[in-house]
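> Just so it is clear, I am handing over structure-v3.cif, which has mmCIF, C-alpha atoms and all ligand atoms.
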```cif
data_work
#
loop_
_atom_site.label_atom_id
_atom_site.label_comp_id
_atom_site.auth_asym_id
_atom_site.auth_seq_id
_atom_site.Cartn_x
_atom_site.Cartn_y
_atom_site.Cartn_z
CA MET A 1 9.98 14.48 -31.65
CA SER A 2 8.40 12.64 -28.77
CA VAL A 3 8.31 8.86 -28.26
CA THR A 4 6.53 7.37 -25.25
CA VAL A 5 5.73 3.90 -23.88
CA SER A 6 2.56 3.08 -21.92
CA ALA A 7 1.50 -0.24 -20.39
CA LEU A 8 -1.93 -1.85 -20.69
CA THR A 9 -3.02 -4.61 -18.30
CA CYS A 10 -5.07 -7.14 -20.24
CA GLY A 11 -6.05 -9.46 -17.39
CA TRP A 12 -4.13 -11.72 -15.03
CA LEU A 13 -3.05 -15.38 -15.07
CA THR A 14 -2.47 -17.66 -12.11
CA GLY A 15 -0.33 -20.73 -12.62
CA ALA A 16 2.39 -22.89 -11.09
CA ALA A 17 5.33 -20.74 -9.99
CA SER A 18 7.69 -23.32 -11.49
CA GLY A 19 6.37 -22.29 -14.90
CA PHE A 20 8.06 -18.95 -14.28
CA LEU A 21 11.05 -20.02 -12.16
CA ASP A 22 12.06 -23.67 -12.41
CA GLY A 23 11.72 -25.47 -9.07
CA GLU A 24 9.80 -22.64 -7.38
CA PRO A 25 6.96 -24.04 -5.20
CA GLY A 26 3.39 -22.77 -5.09
CA VAL A 27 1.49 -20.60 -7.53
CA ILE A 28 2.02 -17.11 -8.88
CA ARG A 29 -0.47 -14.54 -10.22
CA VAL A 30 0.94 -12.48 -13.07
CA PRO A 31 -0.26 -9.62 -15.27
CA VAL A 32 -0.88 -10.04 -18.99
CA LEU A 33 0.74 -6.99 -20.55
CA SER A 34 0.56 -5.09 -23.76
CA PHE A 35 2.40 -1.84 -24.50
CA VAL A 36 1.59 1.15 -26.68
CA VAL A 37 4.42 3.14 -28.23
CA GLU A 38 3.49 6.58 -29.50
CA HIS A 39 5.85 7.62 -32.29
CA PRO A 40 5.29 10.56 -34.66
CA ALA A 41 5.09 8.12 -37.59
CA GLY A 42 2.44 5.91 -35.97
CA LEU A 43 1.12 4.02 -32.99
CA VAL A 44 2.79 0.69 -32.23
CA LEU A 45 1.24 -2.01 -30.08
CA PHE A 46 3.61 -4.57 -28.57
CA ASP A 47 1.59 -7.76 -27.96
CA SER A 48 -2.18 -7.92 -27.86
CA GLY A 49 -3.09 -9.91 -24.75
CA LEU A 50 -5.79 -12.56 -24.55
CA ALA A 51 -8.58 -13.31 -27.00
CA ALA A 52 -11.81 -11.44 -26.19
CA GLU A 53 -13.91 -14.62 -26.28
CA LEU A 54 -11.98 -16.05 -23.30
CA ALA A 55 -13.87 -13.58 -21.11
CA GLU A 56 -17.02 -15.64 -21.71
CA ASP A 57 -15.42 -19.06 -22.16
CA PRO A 58 -11.98 -19.55 -20.52
CA ALA A 59 -12.07 -23.20 -21.61
CA GLY A 60 -11.63 -21.88 -25.15
CA ALA A 61 -7.90 -21.62 -24.33
CA GLY A 62 -7.73 -25.43 -24.59
CA ARG A 63 -4.74 -26.94 -22.81
CA MET A 64 -3.64 -23.46 -21.66
CA ALA A 65 -6.86 -23.31 -19.60
CA ASP A 66 -5.62 -26.38 -17.70
CA LEU A 67 -2.32 -24.66 -16.94
CA PHE A 68 -3.63 -21.22 -15.96
CA ASP A 69 -6.60 -19.71 -14.15
CA LEU A 70 -7.69 -16.66 -16.09
CA ASP A 71 -8.80 -13.45 -14.43
CA PHE A 72 -10.00 -11.79 -17.61
CA GLY A 73 -13.21 -9.88 -18.19
CA PRO A 74 -14.58 -8.22 -21.34
CA GLN A 75 -13.07 -4.90 -20.19
CA ASP A 76 -9.58 -6.46 -20.26
CA ALA A 77 -9.50 -7.10 -24.01
CA VAL A 78 -6.85 -4.89 -25.61
CA ASP A 79 -9.30 -2.77 -27.64
CA ARG A 80 -11.33 -2.00 -24.52
CA ARG A 81 -8.18 -1.21 -22.54
CA LEU A 82 -7.02 1.26 -25.21
CA THR A 83 -10.38 3.02 -25.23
CA ALA A 84 -10.66 3.08 -21.43
CA ALA A 85 -7.21 4.65 -21.21
CA GLU A 86 -8.38 7.28 -23.72
CA MET A 87 -5.28 6.62 -25.79
CA CYS A 88 -6.77 5.70 -29.14
CA GLU A 89 -9.06 3.20 -30.80
CA ALA A 90 -7.56 -0.18 -31.67
CA ALA A 91 -8.27 0.68 -35.31
CA ASP A 92 -5.78 3.56 -35.03
CA ILE A 93 -2.86 1.22 -34.32
CA SER A 94 -0.64 1.11 -37.40
CA VAL A 95 1.94 -1.48 -36.34
CA LEU A 96 1.45 -4.54 -34.12
CA VAL A 97 4.63 -6.27 -32.96
CA ASN A 98 4.15 -9.74 -31.50
CA SER A 99 6.98 -10.78 -29.18
CA HIS A 100 5.86 -14.33 -29.95
CA LEU A 101 2.66 -16.17 -30.76
CA HIS A 102 1.58 -17.77 -27.47
CA PHE A 103 -2.08 -17.24 -26.55
CA ASP A 104 -1.48 -14.45 -24.02
CA HIS A 105 0.52 -12.34 -26.50
CA CYS A 106 -1.44 -12.57 -29.75
CA GLY A 107 -4.97 -13.32 -28.54
CA GLY A 108 -6.12 -9.79 -29.31
CA ASN A 109 -4.59 -9.57 -32.81
CA ALA A 110 -8.08 -9.80 -34.34
CA LEU A 111 -9.05 -6.64 -32.43
CA VAL A 112 -6.35 -4.58 -34.17
CA PRO A 113 -7.68 -4.65 -37.73
CA ASN A 114 -5.59 -2.04 -39.53
CA ALA A 115 -2.13 -2.84 -38.23
CA ARG A 116 0.78 -4.34 -40.07
CA VAL A 117 1.83 -7.29 -37.89
CA ILE A 118 5.57 -7.76 -37.38
CA VAL A 119 6.69 -11.25 -36.35
CA GLN A 120 10.01 -13.06 -36.64
CA GLU A 121 9.88 -15.56 -39.50
CA ALA A 122 11.15 -18.37 -37.23
CA GLU A 123 8.23 -17.73 -34.87
CA TRP A 124 5.64 -17.71 -37.64
CA ARG A 125 7.00 -21.01 -38.94
CA ALA A 126 7.07 -22.67 -35.48
CA ALA A 127 3.56 -21.43 -34.76
CA HIS A 128 2.22 -23.44 -37.70
CA HIS A 129 4.06 -26.63 -36.75
CA GLU A 130 1.55 -29.48 -36.68
CA ARG A 131 2.66 -30.95 -33.36
CA LEU A 132 2.79 -27.58 -31.59
CA VAL A 133 -0.67 -26.69 -32.88
CA ALA A 134 -2.06 -30.09 -31.81
CA THR A 135 -0.88 -29.44 -28.23
CA ASP A 136 -2.34 -25.88 -28.15
CA THR A 137 1.16 -24.45 -27.77
CA TYR A 138 0.12 -22.28 -30.71
CA SER A 139 -3.37 -21.56 -32.10
CA PRO A 140 -3.20 -20.19 -35.67
CA ARG A 141 -6.85 -19.04 -35.44
CA LEU A 142 -5.55 -16.30 -33.10
CA PHE A 143 -2.94 -14.86 -35.48
CA ASP A 144 -3.30 -16.27 -38.99
CA LEU A 145 -6.15 -13.93 -39.87
CA GLY A 146 -5.31 -12.64 -43.32
CA GLN A 147 -3.85 -9.47 -41.80
CA ASP A 148 -0.86 -7.76 -43.37
CA VAL A 149 1.98 -9.80 -41.79
CA GLN A 150 5.59 -8.71 -42.15
CA LEU A 151 7.98 -11.56 -41.39
CA VAL A 152 11.39 -10.33 -40.29
CA ASN A 153 14.69 -12.05 -39.65
CA GLY A 154 16.80 -10.62 -36.84
CA GLU A 155 16.91 -6.99 -35.82
CA HIS A 156 14.25 -4.77 -37.41
CA ASP A 157 14.04 -0.97 -37.17
CA VAL A 158 10.29 -0.27 -37.37
CA PHE A 159 10.42 3.38 -38.53
CA GLY A 160 14.01 3.51 -39.80
CA ASP A 161 15.12 6.08 -37.22
CA GLY A 162 16.48 3.76 -34.52
CA ARG A 163 13.80 4.67 -31.99
CA VAL A 164 11.66 1.51 -32.16
CA VAL A 165 13.69 -1.60 -32.91
CA CYS A 166 12.71 -5.27 -32.72
CA ILE A 167 15.57 -7.39 -31.39
CA PRO A 168 15.63 -11.19 -31.53
CA THR A 169 15.67 -12.82 -28.08
CA PRO A 170 15.04 -16.49 -28.89
CA GLY A 171 14.89 -19.35 -26.43
CA HIS A 172 11.45 -19.09 -24.84
CA THR A 173 10.23 -19.81 -28.37
CA PRO A 174 12.15 -20.20 -31.65
CA GLY A 175 11.45 -16.69 -32.92
CA HIS A 176 10.90 -14.66 -29.79
CA GLN A 177 11.69 -10.94 -30.09
CA SER A 178 11.90 -8.05 -27.65
CA MET A 179 11.66 -4.37 -28.55
CA ARG A 180 13.96 -1.45 -27.78
CA VAL A 181 12.34 1.95 -27.61
CA ARG A 182 14.34 5.14 -27.39
CA THR A 183 11.95 7.38 -25.45
CA ASP A 184 12.47 11.00 -24.48
CA ASP A 185 13.47 9.76 -21.02
CA GLY A 186 15.96 7.14 -22.15
CA GLU A 187 15.91 3.65 -23.55
CA VAL A 188 13.23 1.14 -22.60
CA VAL A 189 13.33 -2.55 -23.51
CA LEU A 190 10.07 -4.48 -23.67
CA CYS A 191 11.36 -7.95 -22.82
CA GLY A 192 8.24 -10.01 -23.53
CA ASP A 193 8.68 -13.57 -22.31
CA ALA A 194 12.42 -13.58 -22.95
CA CYS A 195 12.37 -12.57 -19.28
CA TYR A 196 9.22 -13.04 -17.22
CA LEU A 197 10.46 -11.52 -13.97
CA ARG A 198 13.23 -9.40 -12.47
CA ARG A 199 14.25 -12.44 -10.40
CA ALA A 200 14.84 -14.48 -13.57
CA LEU A 201 17.36 -11.89 -14.71
CA ASP A 202 19.06 -11.36 -11.35
CA GLU A 203 19.39 -15.09 -10.67
CA LEU A 204 19.72 -16.20 -14.32
CA HIS A 205 16.89 -18.51 -13.37
CA LEU A 206 14.92 -20.06 -16.25
CA PRO A 207 11.32 -21.29 -16.16
CA ASP A 208 10.59 -25.01 -16.34
CA PHE A 209 9.36 -24.54 -19.89
CA SER A 210 11.81 -23.36 -22.49
CA TRP A 211 12.06 -24.19 -26.17
CA ASP A 212 15.85 -23.87 -25.98
CA PRO A 213 17.33 -23.17 -22.52
CA GLU A 214 20.77 -22.30 -23.89
CA GLN A 215 19.36 -19.70 -26.25
CA GLN A 216 17.11 -18.37 -23.52
CA LEU A 217 20.07 -17.95 -21.19
CA ALA A 218 21.97 -16.11 -23.94
CA SER A 219 18.94 -13.83 -24.39
CA LEU A 220 18.88 -13.13 -20.64
CA HIS A 221 22.55 -12.15 -20.83
CA ALA A 222 21.79 -9.84 -23.76
CA LEU A 223 18.98 -8.16 -21.79
CA ALA A 224 21.26 -7.81 -18.75
CA ALA A 225 23.86 -6.11 -20.98
CA LEU A 226 21.25 -3.63 -22.24
CA GLU A 227 20.29 -2.86 -18.66
CA ALA A 228 23.93 -2.41 -17.68
CA ALA A 229 24.23 0.08 -20.56
CA GLY A 230 21.44 2.14 -19.04
CA ALA A 231 18.21 0.75 -20.50
CA GLN A 232 15.14 0.26 -18.36
CA LEU A 233 13.68 -3.26 -18.75
CA PHE A 234 9.97 -3.98 -18.62
CA PHE A 235 9.54 -7.68 -17.90
CA GLY A 236 6.96 -9.96 -19.50
CA HIS A 237 4.92 -10.99 -16.45
CA ASP A 238 6.38 -9.45 -13.30
CA PRO A 239 3.74 -8.79 -10.60
CA ALA A 240 6.35 -7.03 -8.44
CA GLN A 241 7.28 -4.59 -11.20
CA TRP A 242 3.66 -4.09 -12.32
CA SER A 243 2.72 -1.20 -10.03
CA SER A 244 5.72 0.86 -11.18
CA LEU A 245 5.02 0.49 -14.91
CA PRO A 246 3.94 3.62 -16.83
CA HIS A 247 0.26 2.61 -17.05
CA ALA A 248 -1.85 4.12 -19.79
CA GLY A 249 -4.71 6.23 -18.40
CA ARG A 250 -5.82 5.67 -14.85
CA ARG A 251 -4.17 2.95 -12.79
CA PRO A 252 -5.92 -0.33 -13.68
CA ARG A 253 -7.16 -2.90 -11.20
CA GLY A 254 -4.53 -5.24 -9.83
ZN ZN B 1 3.38 -14.81 -21.73
#
```
Render the structure in this file as structure tokens.
Ligand SMILES: [Zn+2]


Amino acid sequence: MSVTVSALTCGWLTGAASGFLDGEPGVIRVPVLSFVVEHPAGLVLFDSGLAAELAEDPAGAGRMADLFDLDFGPQDAVDRRLTAAEMCEAADISVLVNSHLHFDHCGGNALVPNARVIVQEAEWRAAHHERLVATDTYSPRLFDLGQDVQLVNGEHDVFGDGRVVCIPTPGHTPGHQSMRVRTDDGEVVLCGDACYLRRALDELHLPDFSWDPEQQLASLHALAALEAAGAQLFFGHDPAQWSSLPHAGRRPRG
């Protein structure tokens, strides 16, 4: 039985470096990532990138468009990336795991029509909070689509065989989750935004935005422990790690 992980690059964001490492000067350009896990029982997508309509109208991201410059064309939408990589059609995806519900992680949910969506219940609840919606921290129109949504609490084994397991890593947001994948070549952990960059982990250096810094620090420690036990970590937005990721299909543009 073979289980593999492949990365999709669904555009790039440029924003203040302090948003990724508190106190860091200047700006940083980071990839928007999505991952496909091929498991004999089905195809799993981890995060869905940016909403397709942002390719035509970046201002549609509301306040997020003030914080980030988007480098995102129609070809960067997750369905187009899957097809270009000759992996599958987005309609073939059977499970969509959202690490969390910020715009660069669930924007493409509408493009994955047949998937069961797995989200932590705490995240789903926060993402409907009136104040957080009013500030564009969350946009329910991106994820509250009438799809089959499975709300989970804590660790969740997607296929019941221990090979694809959602693990709570809160702090960045209330219900953030990462995903452990036991591939044929060893264990991989898709960190999502529990850890943006290798430097954040090595220096235990948080971004200037955090829903709960203490929880986020505890999640960083948990990820560090998984790495120490032999897992390979794929960070949420690390431009330095990007070129070494197992890209789906041909190497995408950087
Ligand atoms: Zn993100």

> For Thr183 (chain A), which residue out of A:Pro170, A:Pro40, A:Pro140, A:Gly107 is the nearest one, using all atoms listed in the file?

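Going through A:Pro170, A:Pro40, A:Pro140, A:Gly107 one by one, the smallest distance to Thr183 (chain A) is for A:Pro40.
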
> Just to confirm, what's the straight-line distance from CA of Leu43 (chain A) to CA of His102 (chain A) in Å (one decimal)?

22.5 Å

> Would you mind listing the residues within 9 Å of ligand ZN 1 (chain B), counting only C-alpha atoms and all ligand atoms, as a ChimeraX atom specification?

/A:32-33,49,100,102-105,192-193,196,236-237

> Near region 112-120 of chain A, counting all atoms listed in the file, which residues have an atom at most 7 Å away, once you skip same-chain residues fewer than 2 positions from it, shown as a PyMOL selection string?

chain A and resi 90-91+93-98+109-110+122-124+148-153+175

> Write out as number ranges by chain which residues come within 9 Å of Val30 (chain A) when counting only C-alpha atoms, dropping same-chain ones fewer than 4 positions away.

A: 11-15, 237-240, 242

> Quick one, how far is CA of Gly186 (chain A) from CA of Asp161 (chain A)?

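Taking CA of Gly186 (chain A) as the start and CA of Asp161 (chain A) as the end point, the length is 15.1 Å.
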